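S.K.: entry.pdb is reproduced below (PDB, C-alpha atoms).
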```
ATOM      1  CA  TRP A   1     -25.363-111.390 136.947
ATOM      2  CA  LEU A   2     -28.325-110.268 134.856
ATOM      3  CA  HIS A   3     -28.651-113.769 133.408
ATOM      4  CA  LYS A   4     -28.586-115.277 136.933
ATOM      5  CA  LEU A   5     -31.355-112.902 137.975
ATOM      6  CA  PHE A   6     -33.446-113.962 134.965
ATOM      7  CA  GLU A   7     -32.869-117.679 135.673
ATOM      8  CA  GLY A   8     -33.920-117.192 139.281
ATOM      9  CA  PHE A   9     -37.500-116.539 138.116
ATOM     10  CA  LEU A  10     -37.816-119.592 135.878
ATOM     11  CA  GLU A  11     -40.203-122.204 137.246
ATOM     12  CA  PRO A  12     -39.935-126.001 136.824
ATOM     13  CA  GLU A  13     -42.193-127.434 134.124
ATOM     14  CA  VAL A  14     -43.518-129.934 136.675
ATOM     15  CA  PRO A  15     -44.067-128.857 140.297
ATOM     16  CA  GLY A  16     -41.147-130.165 142.333
ATOM     17  CA  GLY A  17     -39.195-130.883 139.142
ATOM     18  CA  PRO A  18     -35.605-129.870 138.447
ATOM     19  CA  ALA A  19     -34.739-126.189 138.385
ATOM     20  CA  PRO A  20     -34.796-124.975 134.794
ATOM     21  CA  VAL A  21     -31.795-123.327 133.183
ATOM     22  CA  CYS A  22     -31.533-120.833 130.385
ATOM     23  CA  LEU A  23     -28.895-121.860 127.872
ATOM     24  CA  TYR A  24     -29.053-118.567 126.024
ATOM     25  CA  PRO A  25     -28.425-118.102 123.109
ATOM     26  CA  GLU A  26     -28.405-121.748 121.948
ATOM     27  CA  CYS A  27     -31.477-122.839 123.892
ATOM     28  CA  PRO A  28     -33.077-119.837 125.587
ATOM     29  CA  ALA A  29     -35.674-120.142 128.312
ATOM     30  CA  SER A  30     -38.531-117.698 128.664
ATOM     31  CA  LEU A  31     -40.708-116.137 131.327
ATOM     32  CA  ASN A  32     -44.470-115.886 131.095
ATOM     33  CA  LYS A  33     -46.257-112.667 132.020
ATOM     34  CA  GLU A  34     -46.683-113.505 135.718
ATOM     35  CA  GLN A  35     -43.058-114.628 136.103
ATOM     36  CA  MET A  36     -41.963-111.454 134.349
ATOM     37  CA  ARG A  37     -44.206-109.359 136.638
ATOM     38  CA  ALA A  38     -42.479-110.931 139.683
ATOM     39  CA  LEU A  39     -39.047-110.206 138.213
ATOM     40  CA  VAL A  40     -39.918-106.629 137.294
ATOM     41  CA  SER A  41     -41.276-106.008 140.802
ATOM     42  CA  GLU A  42     -37.767-106.848 142.074
ATOM     43  CA  VAL A  43     -35.989-104.325 139.855
ATOM     44  CA  GLU A  44     -38.694-101.649 139.666
ATOM     45  CA  PRO A  45     -40.970-102.069 142.705
ATOM     46  CA  HIS A  46     -42.861 -98.810 142.093
ATOM     47  CA  LEU A  47     -43.920 -99.678 138.536
ATOM     48  CA  SER A  48     -47.717 -99.673 138.281
ATOM     49  CA  HIS A  49     -49.681-102.570 136.733
ATOM     50  CA  ALA A  50     -50.590-100.367 133.760
ATOM     51  CA  GLN A  51     -46.938 -99.391 133.207
ATOM     52  CA  PHE A  52     -45.885-103.031 133.460
ATOM     53  CA  ASP A  53     -48.584-104.126 130.985
ATOM     54  CA  ALA A  54     -47.472-101.474 128.493
ATOM     55  CA  ARG A  55     -43.809-102.487 128.778
ATOM     56  CA  PHE A  56     -44.634-106.173 128.543
ATOM     57  CA  LYS A  57     -46.618-105.581 125.372
ATOM     58  CA  ARG A  58     -43.686-103.671 123.823
ATOM     59  CA  LEU A  59     -41.239-106.387 124.856
ATOM     60  CA  ASP A  60     -43.367-109.231 123.587
ATOM     61  CA  SER A  61     -42.946-108.147 119.994
ATOM     62  CA  ASP A  62     -43.930-111.567 118.599
ATOM     63  CA  GLY A  63     -47.100-111.723 120.747
ATOM     64  CA  SER A  64     -46.162-115.107 122.240
ATOM     65  CA  GLY A  65     -46.836-114.038 125.819
ATOM     66  CA  LEU A  66     -43.278-115.093 126.692
ATOM     67  CA  ILE A  67     -40.127-113.023 127.246
ATOM     68  CA  GLU A  68     -36.730-114.544 126.448
ATOM     69  CA  PHE A  69     -33.507-113.431 128.109
ATOM     70  CA  ASP A  70     -32.385-111.213 125.225
ATOM     71  CA  GLU A  71     -35.717-109.357 125.271
ATOM     72  CA  PHE A  72     -35.411-108.862 129.030
ATOM     73  CA  ALA A  73     -31.804-107.641 128.738
ATOM     74  CA  ALA A  74     -32.772-105.205 125.970
ATOM     75  CA  TRP A  75     -35.532-103.797 128.175
ATOM     76  CA  VAL A  76     -33.179-103.386 131.152
ATOM     77  CA  HIS A  77     -30.582-101.554 129.083
ATOM     78  CA  SER A  78     -33.017 -99.417 127.096
ATOM     79  CA  SER A  79     -34.801 -98.159 130.197
ATOM     80  CA  ASP A  80     -31.586 -97.943 132.285
ATOM     81  CA  VAL A  81     -33.128 -99.928 135.113
ATOM     82  CA  ARG A  82     -30.906 -99.926 138.181
ATOM     83  CA  VAL A  83     -30.674-103.657 138.728
ATOM     84  CA  ALA A  84     -27.983-103.151 141.317
ATOM     85  CA  GLY A  85     -30.867-103.002 143.788
ATOM     86  CA  ALA A  86     -31.059-106.755 143.440
ATOM     87  CA  SER A  87     -28.553-106.691 146.252
ATOM     88  CA  THR A  88     -27.538-110.353 146.312
ATOM     89  CA  ILE A  89     -26.297-110.206 142.717
ATOM     90  CA  LYS A  90     -23.429-107.802 142.228
ATOM     91  CA  MET A  91     -21.810-106.687 138.999
ATOM     92  CA  THR A  92     -18.140-107.550 138.486
ATOM     93  CA  PHE A  93     -15.600-104.790 137.907
ATOM     94  CA  GLU A  94     -15.708-105.670 134.201
ATOM     95  CA  GLU A  95     -19.499-105.322 134.100
ATOM     96  CA  ILE A  96     -19.338-101.972 135.914
ATOM     97  CA  ALA A  97     -16.669-100.759 133.497
ATOM     98  CA  ASN A  98     -18.784-101.850 130.546
ATOM     99  CA  ARG A  99     -21.936-100.235 131.925
ATOM    100  CA  TYR A 100     -20.253 -96.858 132.413
ATOM    101  CA  GLN A 101     -17.899 -97.181 129.428
ATOM    102  CA  GLU A 102     -14.819 -96.846 131.616
ATOM    103  CA  THR A 103     -11.661 -98.931 131.883
ATOM    104  CA  VAL A 104     -11.491-101.824 134.324
ATOM    105  CA  GLU A 105      -8.315-100.224 135.689
ATOM    106  CA  LEU A 106     -10.208 -97.041 136.569
ATOM    107  CA  ILE A 107     -12.999 -99.029 138.243
ATOM    108  CA  SER A 108     -10.382-101.011 140.197
ATOM    109  CA  TYR A 109      -8.764 -97.753 141.302
ATOM    110  CA  LEU A 110     -12.142 -96.397 142.455
ATOM    111  CA  HIS A 111     -12.638 -99.612 144.418
ATOM    112  CA  SER A 112      -9.269 -99.166 146.143
ATOM    113  CA  CYS A 113     -10.392 -95.646 147.167
ATOM    114  CA  PHE A 114     -13.683 -97.115 148.388
ATOM    115  CA  GLN A 115     -11.788 -99.751 150.409
ATOM    116  CA  ASP A 116      -9.491 -97.096 151.906
ATOM    117  CA  GLN A 117     -12.577 -95.250 153.192
ATOM    118  CA  MET A 118     -13.815 -98.325 155.097
ATOM    119  CA  PRO A 119     -13.555 -98.266 158.893
ATOM    120  CA  ASP A 120     -10.430 -99.911 160.328
ATOM    121  CA  GLY A 121     -10.579-103.679 160.112
ATOM    122  CA  VAL A 122     -13.426-103.781 157.569
ATOM    123  CA  ILE A 123     -12.581-105.471 154.269
ATOM    124  CA  ASP A 124     -14.773-104.988 151.213
ATOM    125  CA  GLY A 125     -14.819-108.353 149.459
ATOM    126  CA  TYR A 126     -16.814-106.961 146.556
ATOM    127  CA  PRO A 127     -18.506-108.486 144.573
ATOM    128  CA  SER A 128     -18.905-111.768 146.497
ATOM    129  CA  ASP A 129     -18.747-110.358 150.037
ATOM    130  CA  PRO A 130     -19.510-106.626 149.843
ATOM    131  CA  ALA A 131     -19.194-104.231 152.753
ATOM    132  CA  GLY A 132     -21.070-100.947 152.599
ATOM    133  CA  LEU A 133     -19.958 -97.409 153.315
ATOM    134  CA  SER A 134     -22.207 -95.229 155.437
ATOM    135  CA  LYS A 135     -23.911 -92.344 153.672
ATOM    136  CA  GLN A 136     -21.586 -89.873 155.397
ATOM    137  CA  GLU A 137     -18.416 -91.757 154.375
ATOM    138  CA  ALA A 138     -19.685 -92.344 150.820
ATOM    139  CA  LYS A 139     -20.518 -88.644 150.474
ATOM    140  CA  PHE A 140     -17.117 -87.599 151.831
ATOM    141  CA  LEU A 141     -15.323 -89.890 149.372
ATOM    142  CA  ALA A 142     -17.435 -88.698 146.424
ATOM    143  CA  GLY A 143     -16.414 -85.133 147.289
ATOM    144  CA  ILE A 144     -12.732 -86.104 147.127
ATOM    145  CA  ILE A 145     -13.004 -88.130 143.907
ATOM    146  CA  THR A 146     -15.156 -85.704 141.890
ATOM    147  CA  PRO A 147     -14.302 -81.986 142.131
ATOM    148  CA  GLY A 148     -17.699 -80.944 140.664
ATOM    149  CA  PHE A 149     -19.462 -82.708 143.541
ATOM    150  CA  ASP A 150     -22.947 -81.440 144.496
ATOM    151  CA  PRO A 151     -23.788 -82.574 148.067
ATOM    152  CA  VAL A 152     -27.528 -81.883 147.719
ATOM    153  CA  GLU A 153     -27.746 -83.930 144.515
ATOM    154  CA  PHE A 154     -25.732 -86.694 146.187
ATOM    155  CA  ASP A 155     -28.217 -86.803 149.089
ATOM    156  CA  ASP A 156     -31.175 -87.014 146.704
ATOM    157  CA  ASN A 157     -29.548 -89.762 144.633
ATOM    158  CA  PHE A 158     -28.438 -91.659 147.736
ATOM    159  CA  ASP A 159     -32.038 -91.827 148.931
ATOM    160  CA  VAL A 160     -33.078 -93.404 145.610
ATOM    161  CA  VAL A 161     -30.240 -95.962 145.704
ATOM    162  CA  ASP A 162     -30.827 -96.639 149.401
ATOM    163  CA  ALA A 163     -34.430 -97.648 148.713
ATOM    164  CA  GLY A 164     -33.148-100.791 146.945
ATOM    165  CA  SER A 165     -29.994-101.335 148.979
ATOM    166  CA  ARG A 166     -29.294-104.492 150.980
ATOM    167  CA  GLN A 167     -28.385-102.391 154.033
ATOM    168  CA  LYS A 168     -30.262 -99.142 154.672
ATOM    169  CA  GLY A 169     -28.065 -96.084 155.177
ATOM    170  CA  PHE A 170     -25.090 -97.757 153.482
ATOM    171  CA  CYS A 171     -24.035 -98.274 149.887
ATOM    172  CA  ASP A 172     -22.012-101.063 148.319
ATOM    173  CA  PHE A 173     -19.293-100.302 145.774
ATOM    174  CA  ASP A 174     -21.542-100.686 142.702
ATOM    175  CA  GLU A 175     -24.129 -98.396 144.285
ATOM    176  CA  TRP A 176     -21.448 -95.815 145.150
ATOM    177  CA  VAL A 177     -20.206 -95.807 141.553
ATOM    178  CA  GLU A 178     -23.801 -95.226 140.487
ATOM    179  CA  LEU A 179     -23.864 -92.142 142.726
ATOM    180  CA  LEU A 180     -20.679 -90.662 141.246
ATOM    181  CA  GLU A 181     -20.678 -88.214 138.372
ATOM    182  CA  LEU A 182     -17.926 -90.028 136.480
ATOM    183  CA  ASP A 183     -17.763 -87.214 133.919
ATOM    184  CA  ASP A 184     -16.501 -85.000 136.772
ATOM    185  CA  LEU A 185     -13.440 -87.144 137.497
ATOM    186  CA  PRO A 186     -10.262 -85.026 137.361
ATOM    187  CA  ALA A 187      -8.641 -85.011 133.911
ATOM    188  CA  GLU A 188      -5.277 -86.097 135.348
ATOM    189  CA  LEU A 189      -6.888 -89.164 136.924
ATOM    190  CA  ARG A 190      -8.705 -90.092 133.732
ATOM    191  CA  ASP A 191      -5.507 -89.517 131.689
ATOM    192  CA  ARG A 192      -3.549 -91.773 134.042
ATOM    193  CA  PHE A 193      -5.805 -94.735 133.288
ATOM    194  CA  GLU A 194      -6.204 -94.000 129.589
ATOM    195  CA  ASP A 195      -2.403 -93.867 129.208
ATOM    196  CA  GLU A 196      -2.081 -97.341 130.752
ATOM    197  CA  ASN A 197      -4.126 -98.828 127.905
TER     198      ASN A 197
END
```
Could you express the structure from this file as structure tokens?
M.R.:
Amino acid sequence: WLHKLFEGFLEPEVPGGPAPVCLYPECPASLNKEQMRALVSEVEPHLSHAQFDARFKRLDSDGSGLIEFDEFAAWVHSSDVRVAGASTIKMTFEEIANRYQETVELISYLHSCFQDQMPDGVIDGYPSDPAGLSKQEAKFLAGIITPGFDPVEFDDNFDVVDAGSRQKGFCDFDEWVELLELDDLPAELRDRFEDEN
């Protein structure tokens, strides 16, 4: 998903030419400073020009004025940018598990809980056809899943996630996982999924 996002900002070498592809790592493509600025404005819309310039300079370690995919990915992971706000590109269960260092089985279980909280007749086809939970439903479910739940902190974090959400007042599964304090999952639940591996 991150690679698709990067490729979406590549421009044809000739206006009207074929869409470029990034064949990383064998034949990586790169973004110039303006293309990178457009991409960064998607994932961090409140970043100032000065902040962007400083980050770009750090990223462009060879001084070429171009950023390759691996440099972009390193920046995203080192600054923990919440790219889930790029709402048309959703992480797979495997990518979510990897990001939070959890098992895919645990993430799948959390998704089944998320699906069970959906209104009658609504199917969450995450990641290709996501359906969002309202703030109230997402908050209720977080309180059930994590015993150490702090409703005020949830509200504050929801507002941050909601700013980049595809549907205001609702959160998709990946956004809901981002709102959870996974360290507060009950030990018996965590043990259940660790024992299966």
S.K.: Counting all atoms listed in the file, what is within 12 Å of Phe140 in chain A, bar same-chain residues fewer than 6 positions away, as number ranges by chain?
M.R.: A: 113-114, 117-118, 133-134, 146-147, 149-151, 154-155, 176, 180
S.K.: Once the PyMOL selection byres ((chain A and resi 125-131) around 12) has been applied to the shown file, what residues remain in the selection, as a VMD selection string?
M.R.: chain A and resid 1 84 87 to 96 108 111 to 112 114 to 115 117 to 119 121 to 124 132 to 134 165 to 167 170 to 176
S.K.: Those residues you just picked out, can you put them in a file as a PDB file, in the coordinates of the input with C-alpha atoms?
M.R.:
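Result went into result_36.pdb, see below:
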```
ATOM      1  CA  TRP A   1     -25.363-111.390 136.947  1.00  0.00           C
ATOM      2  CA  ALA A  84     -27.983-103.151 141.317  1.00  0.00           C
ATOM      3  CA  SER A  87     -28.553-106.691 146.252  1.00  0.00           C
ATOM      4  CA  THR A  88     -27.538-110.353 146.312  1.00  0.00           C
ATOM      5  CA  ILE A  89     -26.297-110.206 142.717  1.00  0.00           C
ATOM      6  CA  LYS A  90     -23.429-107.802 142.228  1.00  0.00           C
ATOM      7  CA  MET A  91     -21.810-106.687 138.999  1.00  0.00           C
ATOM      8  CA  THR A  92     -18.140-107.550 138.486  1.00  0.00           C
ATOM      9  CA  PHE A  93     -15.600-104.790 137.907  1.00  0.00           C
ATOM     10  CA  GLU A  94     -15.708-105.670 134.201  1.00  0.00           C
ATOM     11  CA  GLU A  95     -19.499-105.322 134.100  1.00  0.00           C
ATOM     12  CA  ILE A  96     -19.338-101.972 135.914  1.00  0.00           C
ATOM     13  CA  SER A 108     -10.382-101.011 140.197  1.00  0.00           C
ATOM     14  CA  HIS A 111     -12.638 -99.612 144.418  1.00  0.00           C
ATOM     15  CA  SER A 112      -9.269 -99.166 146.143  1.00  0.00           C
ATOM     16  CA  PHE A 114     -13.683 -97.115 148.388  1.00  0.00           C
ATOM     17  CA  GLN A 115     -11.788 -99.751 150.409  1.00  0.00           C
ATOM     18  CA  GLN A 117     -12.577 -95.250 153.192  1.00  0.00           C
ATOM     19  CA  MET A 118     -13.815 -98.325 155.097  1.00  0.00           C
ATOM     20  CA  PRO A 119     -13.555 -98.266 158.893  1.00  0.00           C
ATOM     21  CA  GLY A 121     -10.579-103.679 160.112  1.00  0.00           C
ATOM     22  CA  VAL A 122     -13.426-103.781 157.569  1.00  0.00           C
ATOM     23  CA  ILE A 123     -12.581-105.471 154.269  1.00  0.00           C
ATOM     24  CA  ASP A 124     -14.773-104.988 151.213  1.00  0.00           C
ATOM     25  CA  GLY A 132     -21.070-100.947 152.599  1.00  0.00           C
ATOM     26  CA  LEU A 133     -19.958 -97.409 153.315  1.00  0.00           C
ATOM     27  CA  SER A 134     -22.207 -95.229 155.437  1.00  0.00           C
ATOM     28  CA  SER A 165     -29.994-101.335 148.979  1.00  0.00           C
ATOM     29  CA  ARG A 166     -29.294-104.492 150.980  1.00  0.00           C
ATOM     30  CA  GLN A 167     -28.385-102.391 154.033  1.00  0.00           C
ATOM     31  CA  PHE A 170     -25.090 -97.757 153.482  1.00  0.00           C
ATOM     32  CA  CYS A 171     -24.035 -98.274 149.887  1.00  0.00           C
ATOM     33  CA  ASP A 172     -22.012-101.063 148.319  1.00  0.00           C
ATOM     34  CA  PHE A 173     -19.293-100.302 145.774  1.00  0.00           C
ATOM     35  CA  ASP A 174     -21.542-100.686 142.702  1.00  0.00           C
ATOM     36  CA  GLU A 175     -24.129 -98.396 144.285  1.00  0.00           C
ATOM     37  CA  TRP A 176     -21.448 -95.815 145.150  1.00  0.00           C
TER      38      TRP A 176
END
```
S.K.: Quick one: residues within 10 Å of range 53-60 of chain A, only C-alpha atoms, excluding same-chain residues fewer than 2 positions away - as a tab-separated table (two decimals) with C-alpha atoms, keeping the file's coordinate frame?
M.R.:
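Heads up, here's the output in out04.tsv:
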```
chain	number	residue	atom	x	y	z
A	33	LYS	CA	-46.26	-112.67	132.02
A	36	MET	CA	-41.96	-111.45	134.35
A	37	ARG	CA	-44.21	-109.36	136.64
A	40	VAL	CA	-39.92	-106.63	137.29
A	47	LEU	CA	-43.92	-99.68	138.54
A	48	SER	CA	-47.72	-99.67	138.28
A	49	HIS	CA	-49.68	-102.57	136.73
A	50	ALA	CA	-50.59	-100.37	133.76
A	51	GLN	CA	-46.94	-99.39	133.21
A	62	ASP	CA	-43.93	-111.57	118.60
A	63	GLY	CA	-47.10	-111.72	120.75
A	64	SER	CA	-46.16	-115.11	122.24
A	65	GLY	CA	-46.84	-114.04	125.82
A	66	LEU	CA	-43.28	-115.09	126.69
A	67	ILE	CA	-40.13	-113.02	127.25
A	68	GLU	CA	-36.73	-114.54	126.45
A	71	GLU	CA	-35.72	-109.36	125.27
A	72	PHE	CA	-35.41	-108.86	129.03
A	74	ALA	CA	-32.77	-105.20	125.97
A	75	TRP	CA	-35.53	-103.80	128.18
```
S.K.: Please measure the separation of CA of Lys135 in chain A and CA of Phe158 in chain A, giving the value in Å to one decimal.
M.R.: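 Result for CA of Lys135 in chain A versus CA of Phe158 in chain A: 7.5 Å, one decimal.
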S.K.: Around (-27.9, -115.6, 121.9), as given in the file, which residues come within 12 Å? Count only C-alpha atoms and list them as a ChimeraX atom specification.
M.R.: /A:3,22-29,68-71,73
S.K.: Kindly export the residues of the current selection with C-alpha atoms, as an mmCIF file, in the frame of the given file.
M.R.:
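Result written to part38.cif:
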```
data_model
loop_
_atom_site.group_PDB
_atom_site.id
_atom_site.type_symbol
_atom_site.label_atom_id
_atom_site.label_comp_id
_atom_site.auth_asym_id
_atom_site.auth_seq_id
_atom_site.Cartn_x
_atom_site.Cartn_y
_atom_site.Cartn_z
ATOM 1 C CA HIS A 3 -28.651 -113.769 133.408
ATOM 2 C CA CYS A 22 -31.533 -120.833 130.385
ATOM 3 C CA LEU A 23 -28.895 -121.860 127.872
ATOM 4 C CA TYR A 24 -29.053 -118.567 126.024
ATOM 5 C CA PRO A 25 -28.425 -118.102 123.109
ATOM 6 C CA GLU A 26 -28.405 -121.748 121.948
ATOM 7 C CA CYS A 27 -31.477 -122.839 123.892
ATOM 8 C CA PRO A 28 -33.077 -119.837 125.587
ATOM 9 C CA ALA A 29 -35.674 -120.142 128.312
ATOM 10 C CA GLU A 68 -36.730 -114.544 126.448
ATOM 11 C CA PHE A 69 -33.507 -113.431 128.109
ATOM 12 C CA ASP A 70 -32.385 -111.213 125.225
ATOM 13 C CA GLU A 71 -35.717 -109.357 125.271
ATOM 14 C CA ALA A 73 -31.804 -107.641 128.738
#
```
S.K.: Name the residues in contact with Ala97 in chain A at a cut-off of 10 Å, using only C-alpha atoms, excluding same-chain residues fewer than 6 positions from it; report them as a ChimeraX atom specification.
M.R.: /A:91,103-108
S.K.: With C-alpha atoms kept, could you save the residues just selected as a CSV table (one decimal), in the coordinates of the input?
M.R.:
```
chain,number,residue,atom,x,y,z
A,91,MET,CA,-21.8,-106.7,139.0
A,103,THR,CA,-11.7,-98.9,131.9
A,104,VAL,CA,-11.5,-101.8,134.3
A,105,GLU,CA,-8.3,-100.2,135.7
A,106,LEU,CA,-10.2,-97.0,136.6
A,107,ILE,CA,-13.0,-99.0,138.2
A,108,SER,CA,-10.4,-101.0,140.2
```
S.K.: Work out how far apart CA of Leu185 in chain A and CA of Asp162 in chain A are and give it in Å to one decimal.
M.R.: 23.1 Å
S.K.: I'd like the interatomic distance between CA of Leu182 in chain A and CA of Val160 in chain A, to a tenth of an Å.
M.R.: 18.0 Å
